[in-house]
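Participant: I am sharing data28.pdb, which consists of PDB, C-alpha atoms and all ligand atoms:
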MODEL        1
ATOM      1  CA  MET A 124    -102.508  17.001  -0.630
ATOM      2  CA  SER A 125    -102.866  17.819   3.076
ATOM      3  CA  GLU A 126    -102.975  21.506   3.890
ATOM      4  CA  LEU A 127     -99.577  23.067   3.410
ATOM      5  CA  SER A 128     -98.242  25.556   5.973
ATOM      6  CA  SER A 129     -97.370  28.931   4.489
ATOM      7  CA  VAL A 130     -93.704  28.481   5.391
ATOM      8  CA  ASN A 131     -93.651  25.095   3.630
ATOM      9  CA  ALA A 132     -95.217  26.684   0.542
ATOM     10  CA  GLN A 133     -92.630  29.485   0.713
ATOM     11  CA  ALA A 134     -89.802  26.929   0.927
ATOM     12  CA  LEU A 135     -91.076  25.019  -2.126
ATOM     13  CA  ALA A 136     -91.528  28.149  -4.240
ATOM     14  CA  TYR A 137     -88.178  29.627  -3.231
ATOM     15  CA  GLN A 138     -86.101  31.106  -6.021
ATOM     16  CA  CYS A 139     -82.643  31.512  -4.631
ATOM     17  CA  PRO A 140     -80.705  34.612  -5.713
ATOM     18  CA  ALA A 141     -77.508  33.657  -7.545
ATOM     19  CA  ASP A 142     -75.201  35.047  -4.858
ATOM     20  CA  ALA A 143     -77.313  34.251  -1.766
ATOM     21  CA  PHE A 144     -74.546  32.107  -0.270
ATOM     22  CA  LYS A 145     -71.608  34.373  -1.128
ATOM     23  CA  ASP A 146     -69.166  34.377   1.820
ATOM     24  CA  ARG A 147     -71.176  31.700   3.625
ATOM     25  CA  ILE A 148     -69.507  28.550   4.919
ATOM     26  CA  ILE A 149     -71.792  25.520   5.008
ATOM     27  CA  LEU A 150     -70.923  21.993   6.128
ATOM     28  CA  VAL A 151     -72.753  19.171   4.337
ATOM     29  CA  THR A 152     -72.636  15.616   5.720
ATOM     30  CA  GLY A 153     -72.908  12.754   3.252
ATOM     31  CA  ALA A 154     -71.718  15.139   0.542
ATOM     32  CA  GLY A 155     -70.296  12.445  -1.717
ATOM     33  CA  ALA A 156     -73.527  10.975  -3.110
ATOM     34  CA  GLY A 157     -77.279  11.372  -3.508
ATOM     35  CA  ILE A 158     -79.021  14.396  -2.027
ATOM     36  CA  GLY A 159     -75.917  15.564  -0.134
ATOM     37  CA  ARG A 160     -73.837  15.682  -3.313
ATOM     38  CA  SER A 161     -76.521  17.648  -5.096
ATOM     39  CA  ALA A 162     -76.856  20.047  -2.129
ATOM     40  CA  ALA A 163     -73.086  20.631  -2.020
ATOM     41  CA  LEU A 164     -72.926  21.409  -5.757
ATOM     42  CA  THR A 165     -76.023  23.624  -5.593
ATOM     43  CA  LEU A 166     -74.789  25.572  -2.567
ATOM     44  CA  ALA A 167     -71.416  26.137  -4.240
ATOM     45  CA  ARG A 168     -73.181  27.354  -7.387
ATOM     46  CA  HIS A 169     -74.855  29.985  -5.209
ATOM     47  CA  GLY A 170     -71.516  31.134  -3.827
ATOM     48  CA  SER A 171     -71.064  29.011  -0.703
ATOM     49  CA  THR A 172     -67.801  27.650   0.525
ATOM     50  CA  VAL A 173     -68.834  24.071   1.196
ATOM     51  CA  ILE A 174     -67.198  21.714   3.666
ATOM     52  CA  LEU A 175     -67.675  18.241   2.199
ATOM     53  CA  LEU A 176     -68.004  15.640   4.954
ATOM     54  CA  GLY A 177     -68.410  11.949   4.141
ATOM     55  CA  ARG A 178     -66.930   8.511   4.594
ATOM     56  CA  THR A 179     -65.577   7.847   1.080
ATOM     57  CA  PRO A 180     -62.708  10.221   0.215
ATOM     58  CA  GLU A 181     -62.842   9.413  -3.536
ATOM     59  CA  LYS A 182     -66.487  10.510  -3.736
ATOM     60  CA  LEU A 183     -65.754  13.730  -1.841
ATOM     61  CA  GLU A 184     -62.797  14.449  -4.142
ATOM     62  CA  LYS A 185     -65.038  14.018  -7.179
ATOM     63  CA  VAL A 186     -67.509  16.563  -5.804
ATOM     64  CA  TYR A 187     -64.573  18.854  -4.975
ATOM     65  CA  ASP A 188     -63.391  18.622  -8.591
ATOM     66  CA  GLU A 189     -66.883  19.292  -9.932
ATOM     67  CA  ILE A 190     -67.224  22.420  -7.791
ATOM     68  CA  LYS A 191     -63.815  23.708  -8.884
ATOM     69  CA  ALA A 192     -64.520  22.912 -12.556
ATOM     70  CA  ALA A 193     -67.758  24.919 -12.341
ATOM     71  CA  GLY A 194     -65.814  27.903 -10.967
ATOM     72  CA  GLY A 195     -67.168  27.602  -7.413
ATOM     73  CA  PRO A 196     -65.364  28.675  -4.244
ATOM     74  CA  GLU A 197     -62.656  26.269  -3.063
ATOM     75  CA  PRO A 198     -64.399  23.596  -0.958
ATOM     76  CA  ALA A 199     -62.891  21.846   2.073
ATOM     77  CA  LEU A 200     -62.716  18.078   2.501
ATOM     78  CA  ALA A 201     -63.634  16.344   5.758
ATOM     79  CA  PRO A 202     -63.360  12.560   5.374
ATOM     80  CA  VAL A 203     -65.128  11.215   8.460
ATOM     81  CA  ASN A 204     -66.807   7.871   9.057
ATOM     82  CA  LEU A 205     -69.781   8.825  11.222
ATOM     83  CA  ALA A 206     -70.224   5.196  12.310
ATOM     84  CA  VAL A 207     -67.005   5.256  14.311
ATOM     85  CA  ALA A 208     -66.131   8.927  14.930
ATOM     86  CA  ARG A 209     -66.026   9.876  18.609
ATOM     87  CA  PRO A 210     -66.998  13.242  20.134
ATOM     88  CA  GLU A 211     -63.315  14.177  20.427
ATOM     89  CA  ASP A 212     -62.879  13.675  16.663
ATOM     90  CA  PHE A 213     -65.547  16.306  16.037
ATOM     91  CA  GLN A 214     -63.881  18.636  18.553
ATOM     92  CA  GLU A 215     -60.628  18.234  16.621
ATOM     93  CA  LEU A 216     -62.452  19.009  13.371
ATOM     94  CA  ALA A 217     -63.988  22.118  14.973
ATOM     95  CA  GLY A 218     -60.478  23.265  15.898
ATOM     96  CA  LEU A 219     -59.380  22.895  12.262
ATOM     97  CA  PHE A 220     -62.407  24.805  10.940
ATOM     98  CA  ASP A 221     -61.846  27.499  13.550
ATOM     99  CA  LYS A 222     -58.286  27.990  12.295
ATOM    100  CA  GLU A 223     -59.331  27.913   8.644
ATOM    101  CA  PHE A 224     -62.631  29.839   8.736
ATOM    102  CA  GLY A 225     -63.264  31.186  12.255
ATOM    103  CA  ARG A 226     -66.980  30.431  11.986
ATOM    104  CA  LEU A 227     -69.650  28.264  10.352
ATOM    105  CA  ASP A 228     -72.840  29.596   8.743
ATOM    106  CA  GLY A 229     -74.675  26.300   8.558
ATOM    107  CA  ILE A 230     -74.743  22.530   8.734
ATOM    108  CA  LEU A 231     -76.848  20.289   6.525
ATOM    109  CA  HIS A 232     -77.163  17.045   8.476
ATOM    110  CA  ASN A 233     -77.839  14.756   5.527
ATOM    111  CA  ALA A 234     -75.779  11.552   5.927
ATOM    112  CA  SER A 235     -77.832   8.556   7.021
ATOM    113  CA  VAL A 236     -77.994   4.817   6.669
ATOM    114  CA  LEU A 237     -81.117   2.759   6.109
ATOM    115  CA  GLY A 238     -80.354  -0.345   8.159
ATOM    116  CA  ASP A 239     -82.629  -3.319   7.631
ATOM    117  CA  ILE A 240     -86.269  -3.384   6.561
ATOM    118  CA  THR A 241     -87.482  -6.095   8.915
ATOM    119  CA  PRO A 242     -89.747  -6.544  11.960
ATOM    120  CA  LEU A 243     -88.356  -5.244  15.246
ATOM    121  CA  GLU A 244     -88.761  -8.752  16.645
ATOM    122  CA  ARG A 245     -85.940  -9.895  14.361
ATOM    123  CA  TYR A 246     -84.004  -6.625  14.075
ATOM    124  CA  GLY A 247     -80.241  -7.133  14.473
ATOM    125  CA  VAL A 248     -78.875  -5.384  17.544
ATOM    126  CA  GLY A 249     -75.624  -4.493  15.772
ATOM    127  CA  THR A 250     -77.548  -2.889  12.900
ATOM    128  CA  TRP A 251     -79.708  -1.019  15.392
ATOM    129  CA  ASP A 252     -76.612   0.419  17.094
ATOM    130  CA  SER A 253     -74.906   1.472  13.869
ATOM    131  CA  VAL A 254     -78.038   3.140  12.449
ATOM    132  CA  MET A 255     -78.547   5.104  15.670
ATOM    133  CA  GLN A 256     -74.831   5.964  15.727
ATOM    134  CA  VAL A 257     -74.736   7.391  12.191
ATOM    135  CA  ASN A 258     -78.209   8.936  12.060
ATOM    136  CA  VAL A 259     -78.581  10.343  15.584
ATOM    137  CA  ASN A 260     -75.552  10.164  17.883
ATOM    138  CA  SER A 261     -73.053  11.543  15.388
ATOM    139  CA  ALA A 262     -75.446  14.381  14.470
ATOM    140  CA  PHE A 263     -75.530  15.325  18.148
ATOM    141  CA  TYR A 264     -71.728  15.086  18.541
ATOM    142  CA  LEU A 265     -71.157  17.128  15.388
ATOM    143  CA  THR A 266     -73.682  19.793  16.356
ATOM    144  CA  GLN A 267     -72.363  20.127  19.895
ATOM    145  CA  ALA A 268     -68.767  20.455  18.688
ATOM    146  CA  MET A 269     -69.679  23.040  16.033
ATOM    147  CA  LEU A 270     -71.969  25.242  18.169
ATOM    148  CA  PRO A 271     -69.215  27.715  19.126
ATOM    149  CA  LEU A 272     -68.423  28.182  15.402
ATOM    150  CA  LEU A 273     -72.117  28.546  14.541
ATOM    151  CA  ARG A 274     -72.481  31.106  17.329
ATOM    152  CA  ALA A 275     -69.600  33.034  15.766
ATOM    153  CA  SER A 276     -71.762  33.539  12.637
ATOM    154  CA  ASP A 277     -74.233  36.422  12.596
ATOM    155  CA  ASP A 278     -76.814  34.272  10.756
ATOM    156  CA  ALA A 279     -76.463  30.475  10.958
ATOM    157  CA  ARG A 280     -78.633  27.469  10.121
ATOM    158  CA  LEU A 281     -78.914  23.882  11.290
ATOM    159  CA  LEU A 282     -80.920  21.746   8.900
ATOM    160  CA  PHE A 283     -81.658  18.134   9.842
ATOM    161  CA  THR A 284     -82.899  15.570   7.333
ATOM    162  CA  SER A 285     -86.041  13.741   8.300
ATOM    163  CA  SER A 286     -88.302  11.192   6.644
ATOM    164  CA  SER A 287     -92.004  10.457   6.591
ATOM    165  CA  VAL A 288     -91.343   7.372   8.767
ATOM    166  CA  GLY A 289     -89.803   9.714  11.350
ATOM    167  CA  ARG A 290     -92.935  11.808  11.494
ATOM    168  CA  LYS A 291     -95.054   8.658  12.019
ATOM    169  CA  GLY A 292     -93.578   5.214  12.650
ATOM    170  CA  ARG A 293     -94.177   2.509  10.046
ATOM    171  CA  ALA A 294     -93.956  -1.285  10.331
ATOM    172  CA  PHE A 295     -90.595  -2.852   9.332
ATOM    173  CA  TRP A 296     -88.667   0.454   9.114
ATOM    174  CA  GLY A 297     -86.945  -0.313  12.441
ATOM    175  CA  ALA A 298     -84.026   1.792  13.624
ATOM    176  CA  TYR A 299     -84.251   4.097  10.597
ATOM    177  CA  ALA A 300     -87.773   5.228  11.548
ATOM    178  CA  VAL A 301     -86.830   5.597  15.216
ATOM    179  CA  SER A 302     -83.658   7.508  14.303
ATOM    180  CA  LYS A 303     -85.636   9.963  12.183
ATOM    181  CA  ALA A 304     -88.177  10.529  14.996
ATOM    182  CA  ALA A 305     -85.201  11.238  17.273
ATOM    183  CA  THR A 306     -83.819  13.618  14.661
ATOM    184  CA  GLU A 307     -87.092  15.569  14.629
ATOM    185  CA  ASN A 308     -86.953  15.823  18.416
ATOM    186  CA  LEU A 309     -83.260  16.772  18.472
ATOM    187  CA  ALA A 310     -84.059  19.635  16.116
ATOM    188  CA  GLN A 311     -87.042  20.772  18.227
ATOM    189  CA  VAL A 312     -84.962  20.833  21.414
ATOM    190  CA  LEU A 313     -82.176  22.765  19.698
ATOM    191  CA  ALA A 314     -84.618  25.158  18.011
ATOM    192  CA  GLU A 315     -86.094  26.158  21.378
ATOM    193  CA  GLU A 316     -82.770  26.355  23.178
ATOM    194  CA  LEU A 317     -81.134  28.496  20.499
ATOM    195  CA  GLU A 318     -84.061  30.717  19.503
ATOM    196  CA  ASN A 319     -83.446  33.521  21.996
ATOM    197  CA  THR A 320     -79.804  32.874  22.761
ATOM    198  CA  SER A 321     -78.227  32.841  19.301
ATOM    199  CA  ASN A 322     -78.534  33.710  15.604
ATOM    200  CA  ILE A 323     -78.899  30.012  14.787
ATOM    201  CA  ARG A 324     -82.155  28.764  13.266
ATOM    202  CA  VAL A 325     -82.956  25.038  13.356
ATOM    203  CA  ASN A 326     -85.379  23.129  11.131
ATOM    204  CA  THR A 327     -85.970  19.698   9.610
ATOM    205  CA  LEU A 328     -86.632  18.800   5.993
ATOM    206  CA  ASN A 329     -88.147  15.585   4.677
ATOM    207  CA  PRO A 330     -86.981  15.197   1.059
ATOM    208  CA  GLY A 331     -89.665  12.636   0.180
ATOM    209  CA  GLY A 332     -89.062   9.819  -2.320
ATOM    210  CA  THR A 333     -85.988  10.873  -4.318
ATOM    211  CA  ARG A 334     -83.887   9.067  -6.939
ATOM    212  CA  THR A 335     -80.859   7.917  -4.910
ATOM    213  CA  ASP A 336     -79.075   4.717  -3.897
ATOM    214  CA  MET A 337     -80.821   4.701  -0.512
ATOM    215  CA  ARG A 338     -84.243   4.893  -2.109
ATOM    216  CA  ALA A 339     -83.355   2.041  -4.499
ATOM    217  CA  LEU A 340     -82.253  -0.039  -1.518
ATOM    218  CA  ALA A 341     -85.534   0.619   0.308
ATOM    219  CA  TYR A 342     -87.765   0.088  -2.755
ATOM    220  CA  PRO A 343     -85.928  -2.326  -5.089
ATOM    221  CA  GLY A 344     -88.979  -2.896  -7.301
ATOM    222  CA  GLU A 345     -89.651   0.775  -7.972
ATOM    223  CA  ASP A 346     -88.927   2.451 -11.307
ATOM    224  CA  PRO A 347     -86.451   5.242 -10.398
ATOM    225  CA  GLN A 348     -87.650   7.285 -13.365
ATOM    226  CA  THR A 349     -90.910   7.925 -11.484
ATOM    227  CA  LEU A 350     -88.979   9.810  -8.774
ATOM    228  CA  LYS A 351     -87.641  13.335  -8.660
ATOM    229  CA  THR A 352     -83.875  13.684  -8.807
ATOM    230  CA  PRO A 353     -82.003  15.371  -5.945
ATOM    231  CA  ASP A 354     -81.419  18.431  -8.161
ATOM    232  CA  GLU A 355     -85.181  18.835  -8.546
ATOM    233  CA  ILE A 356     -85.810  19.228  -4.803
ATOM    234  CA  MET A 357     -83.131  21.799  -3.963
ATOM    235  CA  ALA A 358     -85.392  24.874  -3.511
ATOM    236  CA  PRO A 359     -86.350  24.115   0.132
ATOM    237  CA  TYR A 360     -82.731  23.203   0.941
ATOM    238  CA  LEU A 361     -81.540  26.584  -0.310
ATOM    239  CA  PHE A 362     -84.349  28.346   1.529
ATOM    240  CA  LEU A 363     -83.740  26.633   4.876
ATOM    241  CA  LEU A 364     -79.946  26.975   4.724
ATOM    242  CA  GLY A 365     -79.835  30.529   3.423
ATOM    243  CA  PRO A 366     -80.448  34.121   4.515
ATOM    244  CA  ASP A 367     -84.158  34.224   3.614
ATOM    245  CA  SER A 368     -85.199  31.789   6.378
ATOM    246  CA  ARG A 369     -84.005  34.058   9.184
ATOM    247  CA  ASP A 370     -87.486  34.008  10.766
ATOM    248  CA  VAL A 371     -88.071  30.266  10.378
ATOM    249  CA  ASN A 372     -87.296  28.116  13.411
ATOM    250  CA  GLY A 373     -88.480  24.757  14.737
ATOM    251  CA  GLU A 374     -90.349  23.893  11.516
ATOM    252  CA  SER A 375     -90.738  20.443   9.899
ATOM    253  CA  ILE A 376     -90.804  21.030   6.156
ATOM    254  CA  ASP A 377     -91.698  18.610   3.342
ATOM    255  CA  ALA A 378     -89.893  18.858  -0.003
ATOM    256  CA  GLN A 379     -92.590  16.733  -1.670
ATOM    257  CA  PRO A 380     -95.785  17.029   0.363
ATOM    258  CA  LYS A 381     -98.434  14.394  -0.343
TER     259      LYS A 381
HETATM  260  P1  LIG B   1     -77.657   8.022  -0.127
HETATM  261  O1  LIG B   1     -77.713   8.192  -1.589
HETATM  262  O2  LIG B   1     -77.527   6.665   0.460
HETATM  263  O3  LIG B   1     -76.512   8.966   0.455
HETATM  264  C1  LIG B   1     -76.210   8.948   1.816
HETATM  265  C2  LIG B   1     -74.933   9.700   2.061
HETATM  266  O4  LIG B   1     -74.570   9.505   3.439
HETATM  267  C3  LIG B   1     -73.772   9.170   1.226
HETATM  268  O5  LIG B   1     -72.978  10.255   0.810
HETATM  269  C4  LIG B   1     -73.013   8.297   2.216
HETATM  270  O6  LIG B   1     -71.635   8.195   1.945
HETATM  271  C5  LIG B   1     -73.226   9.076   3.498
HETATM  272  N1  LIG B   1     -72.976   8.215   4.643
HETATM  273  C6  LIG B   1     -73.575   7.041   4.948
HETATM  274  N2  LIG B   1     -73.004   6.489   6.035
HETATM  275  C7  LIG B   1     -72.019   7.333   6.415
HETATM  276  C8  LIG B   1     -71.045   7.299   7.443
HETATM  277  N3  LIG B   1     -70.949   6.268   8.282
HETATM  278  N4  LIG B   1     -70.185   8.329   7.560
HETATM  279  C9  LIG B   1     -70.235   9.374   6.688
HETATM  280  N5  LIG B   1     -71.118   9.455   5.679
HETATM  281  C10 LIG B   1     -71.995   8.440   5.542
HETATM  282  O7  LIG B   1     -78.971   8.631   0.557
HETATM  283  P2  LIG B   1     -79.934   9.838   0.126
HETATM  284  O8  LIG B   1     -81.163   9.236  -0.426
HETATM  285  O9  LIG B   1     -79.189  10.881  -0.628
HETATM  286  O10 LIG B   1     -80.325  10.361   1.579
HETATM  287  C11 LIG B   1     -79.951  11.624   2.070
HETATM  288  C12 LIG B   1     -80.805  11.928   3.280
HETATM  289  O11 LIG B   1     -82.186  12.013   2.886
HETATM  290  C13 LIG B   1     -80.760  10.851   4.368
HETATM  291  O12 LIG B   1     -80.798  11.476   5.628
HETATM  292  C14 LIG B   1     -82.024  10.049   4.150
HETATM  293  O13 LIG B   1     -82.458   9.412   5.322
HETATM  294  C15 LIG B   1     -82.970  11.154   3.702
HETATM  295  N6  LIG B   1     -84.131  10.684   2.929
HETATM  296  C16 LIG B   1     -83.972  10.210   1.667
HETATM  297  C17 LIG B   1     -85.096   9.830   0.951
HETATM  298  C18 LIG B   1     -84.989   9.323  -0.468
HETATM  299  O14 LIG B   1     -86.030   8.930  -1.050
HETATM  300  N7  LIG B   1     -83.827   9.312  -1.078
HETATM  301  C19 LIG B   1     -86.377   9.916   1.524
HETATM  302  C20 LIG B   1     -86.493  10.389   2.813
HETATM  303  C21 LIG B   1     -85.359  10.782   3.515
HETATM  304  P3  LIG B   1     -71.093   7.067   0.897
HETATM  305  O15 LIG B   1     -71.686   7.443  -0.428
HETATM  306  O16 LIG B   1     -69.623   7.286   0.949
HETATM  307  O17 LIG B   1     -71.554   5.755   1.395
ENDMDL
END
What is this file in structure tokens?
Ligand code: NAP
Facilitator:
Amino acid sequence: MSELSSVNAQALAYQCPADAFKDRIILVTGAGAGIGRSAALTLARHGSTVILLGRTPEKLEKVYDEIKAAGGPEPALAPVNLAVARPEDFQELAGLFDKEFGRLDGILHNASVLGDITPLERYGVGTWDSVMQVNVNSAFYLTQAMLPLLRASDDARLLFTSSSVGRKGRAFWGAYAVSKAATENLAQVLAEELENTSNIRVNTLNPGGTRTDMRALAYPGEDPQTLKTPDEIMAPYLFLLGPDSRDVNGESIDAQPK
């Protein structure tokens, strides 16, 4: 294992108090499946009102029902296809959240698509555009539209989801790798801009190989049982989205450091 920063170690060892997210309002993108679903359920279990954003309403409704059945705070549903949503759609959404909640205490930018695993020489231009649209452009539009609501919180978080191929490019990972490098940079720019002008803290988290549909798509020959489940990597998510990371800004954290 390469040397772990003390903040990364703190994130991994984090034991989240049961009510750490009481009265907090956190938006999770890609909340209908995989890591985003697990994050939404986990946040709600710790008291958060969760805004469930995703492209498949039925999946979001299922997560909604699970949260309600577990006695969690009433979630909100935001069915949005990030591949086609325009900046004005996010502005409209911000207006709705403003009316309903008046502020936002955090966004987990989690939704992403993998695109193709193929050499750049043969990479489809349409796939390139849609990967960059979902993974980067929409994260920028969403963040920009929600900044006034995040500023209205006295302690807000932006958490972007990275990947090891975003930290260092890797052959055949194409637009996905480039989009994750851009995500790292987007978070760094925001972290510096917001550090002294707001109560918003901005970090990235690389979940590492995790048992989800995206991972199965990327590694079809792999035995999923060898991978951690999303529920098993939630400690750093709770740390970086919650009150105990108030002094953490501009960090790139690994949920499963090698
Ligand atoms: P996943 O199982 O494929 O889930 C991705 C989520 O994003 C789904 O809820 C999906 O919605 C949503 N989504 C995709 N396209 C969308 C769109 N156009 N509009 C709105 N929502 C959309 O992936 P995951 O493994 O949980 O990945 C979560 C995050 O972790 C991603 O950022 C990924 O890059 C990162 N990551 C994962 C791994 C891993 O091993 N799993 C490793 C490194 C990084 P639908 O279900 O409705 O399609």
Participant: Got a sec to resolve the PyMOL selection byres (((chain A and resi 237) around 9) and not hetatm) on this structure and send the residues as a list of chain:residue names?
Facilitator: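 This file gives the following for the PyMOL selection byres (((chain A and resi 237) around 9) and not hetatm): A:Ser235, A:Val236, A:Gly238, A:Asp239, A:Ile240, A:Val254, A:Trp296, A:Ala298, A:Tyr299, A:Ala300, A:Met337, A:Leu340, A:Ala341.
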Participant: Kindly provide the residues of chain A that approach ligand LIG 1 (chain B) to within 6 Å, each paired with its closest atom pair and their distance in Å to one decimal, based on all atoms listed in the file, listed by chain and increasing number, as a Markdown table.
Facilitator:
| residue | atom | partner | partner_atom | distance |
| --- | --- | --- | --- | --- |
| A:Gly153 | CA | B:LIG1 | O5 | 3.5 |
| A:Ala154 | CA | B:LIG1 | O5 | 5.1 |
| A:Gly155 | CA | B:LIG1 | O5 | 4.3 |
| A:Ala156 | CA | B:LIG1 | O5 | 4.0 |
| A:Gly157 | CA | B:LIG1 | O9 | 3.5 |
| A:Ile158 | CA | B:LIG1 | O9 | 3.8 |
| A:Gly159 | CA | B:LIG1 | O9 | 5.7 |
| A:Gly177 | CA | B:LIG1 | N5 | 4.0 |
| A:Arg178 | CA | B:LIG1 | C9 | 4.0 |
| A:Thr179 | CA | B:LIG1 | O16 | 4.1 |
| A:Val203 | CA | B:LIG1 | C9 | 5.7 |
| A:Asn204 | CA | B:LIG1 | N4 | 3.7 |
| A:Leu205 | CA | B:LIG1 | N4 | 3.7 |
| A:Ala206 | CA | B:LIG1 | N3 | 4.2 |
| A:Asn233 | CA | B:LIG1 | O12 | 4.4 |
| A:Ala234 | CA | B:LIG1 | O4 | 3.4 |
| A:Ser235 | CA | B:LIG1 | O12 | 4.4 |
| A:Val236 | CA | B:LIG1 | C6 | 5.2 |
| A:Val257 | CA | B:LIG1 | N3 | 5.6 |
| A:Thr284 | CA | B:LIG1 | O12 | 4.9 |
| A:Ser285 | CA | B:LIG1 | C21 | 5.7 |
| A:Ser286 | CA | B:LIG1 | C20 | 4.3 |
| A:Asn329 | CA | B:LIG1 | C21 | 5.7 |
| A:Pro330 | CA | B:LIG1 | C20 | 5.1 |
| A:Gly331 | CA | B:LIG1 | C19 | 4.5 |
| A:Gly332 | CA | B:LIG1 | O14 | 3.4 |
| A:Thr333 | CA | B:LIG1 | O14 | 3.8 |
| A:Arg334 | CA | B:LIG1 | N7 | 5.9 |
| A:Thr335 | CA | B:LIG1 | O1 | 4.6 |
| A:Asp336 | CA | B:LIG1 | O1 | 4.4 |
| A:Met337 | CA | B:LIG1 | O2 | 4.0 |
| A:Arg338 | CA | B:LIG1 | O14 | 4.5 |
Participant: Just how far from CA of Leu328 (chain A) is CA of Pro353 (chain A), in Å to one decimal?
Facilitator: 13.3 Å
Participant: Pick from A:Ser321, A:Ser171, A:Thr165, A:Ser253: nearest to Val207 (chain A), with all atoms listed in the file counted?
Facilitator: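 Of A:Ser321, A:Ser171, A:Thr165, A:Ser253, the one nearest Val207 (chain A), counting all atoms listed in the file, is A:Ser253.
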Participant: Evaluate the PyMOL selection byres (((chain A and resi 232) around 7) and not hetatm) and record the selected residues as a compact mmCIF listing (two decimals) with C-alpha atoms, in the coordinates of the input, following the chain and residue labels used in the document.
Facilitator:
# COMPACT_ATOMS: atom_id res chain seq x y z
CA VAL A 151 -72.75 19.17 4.34
CA THR A 152 -72.64 15.62 5.72
CA ILE A 230 -74.74 22.53 8.73
CA LEU A 231 -76.85 20.29 6.52
CA ASN A 233 -77.84 14.76 5.53
CA ALA A 234 -75.78 11.55 5.93
CA ALA A 262 -75.45 14.38 14.47
CA LEU A 282 -80.92 21.75 8.90
CA PHE A 283 -81.66 18.13 9.84
CA THR A 284 -82.90 15.57 7.33
Participant: Near Ala305 (chain A), within 10 Å and counting all atoms listed in the file, which residues show up once chain neighbours fewer than 5 positions away are dropped, as a ChimeraX atom specification?
Facilitator: /A:255,258-260,285,289-290,299-300,310-311
Participant: As an exercise, work out the distance from CA of Ala304 (chain A) to CA of Leu166 (chain A) in Å and give it to one decimal place.
Facilitator: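 Atom-to-atom, CA of Ala304 (chain A) and CA of Leu166 (chain A) are spaced 26.7 Å apart.
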Participant: Quick check, in Å to one decimal: how far apart do CA of Arg280 (chain A) and CA of Leu363 (chain A) lie?
Facilitator: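 CA of Leu363 (chain A) lies at a distance of 7.4 Å from CA of Arg280 (chain A).
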Participant: Within 10 Å of Pro180 (chain A), counting only C-alpha atoms, which residues show up once you throw out same-chain ones fewer than 5 positions away? Write them as a list in words, please.
Facilitator: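 My reading of the contact set: Gly155, Leu175, Lys185, Val186, Leu200, Ala201, Pro202 and Val203 of chain A.
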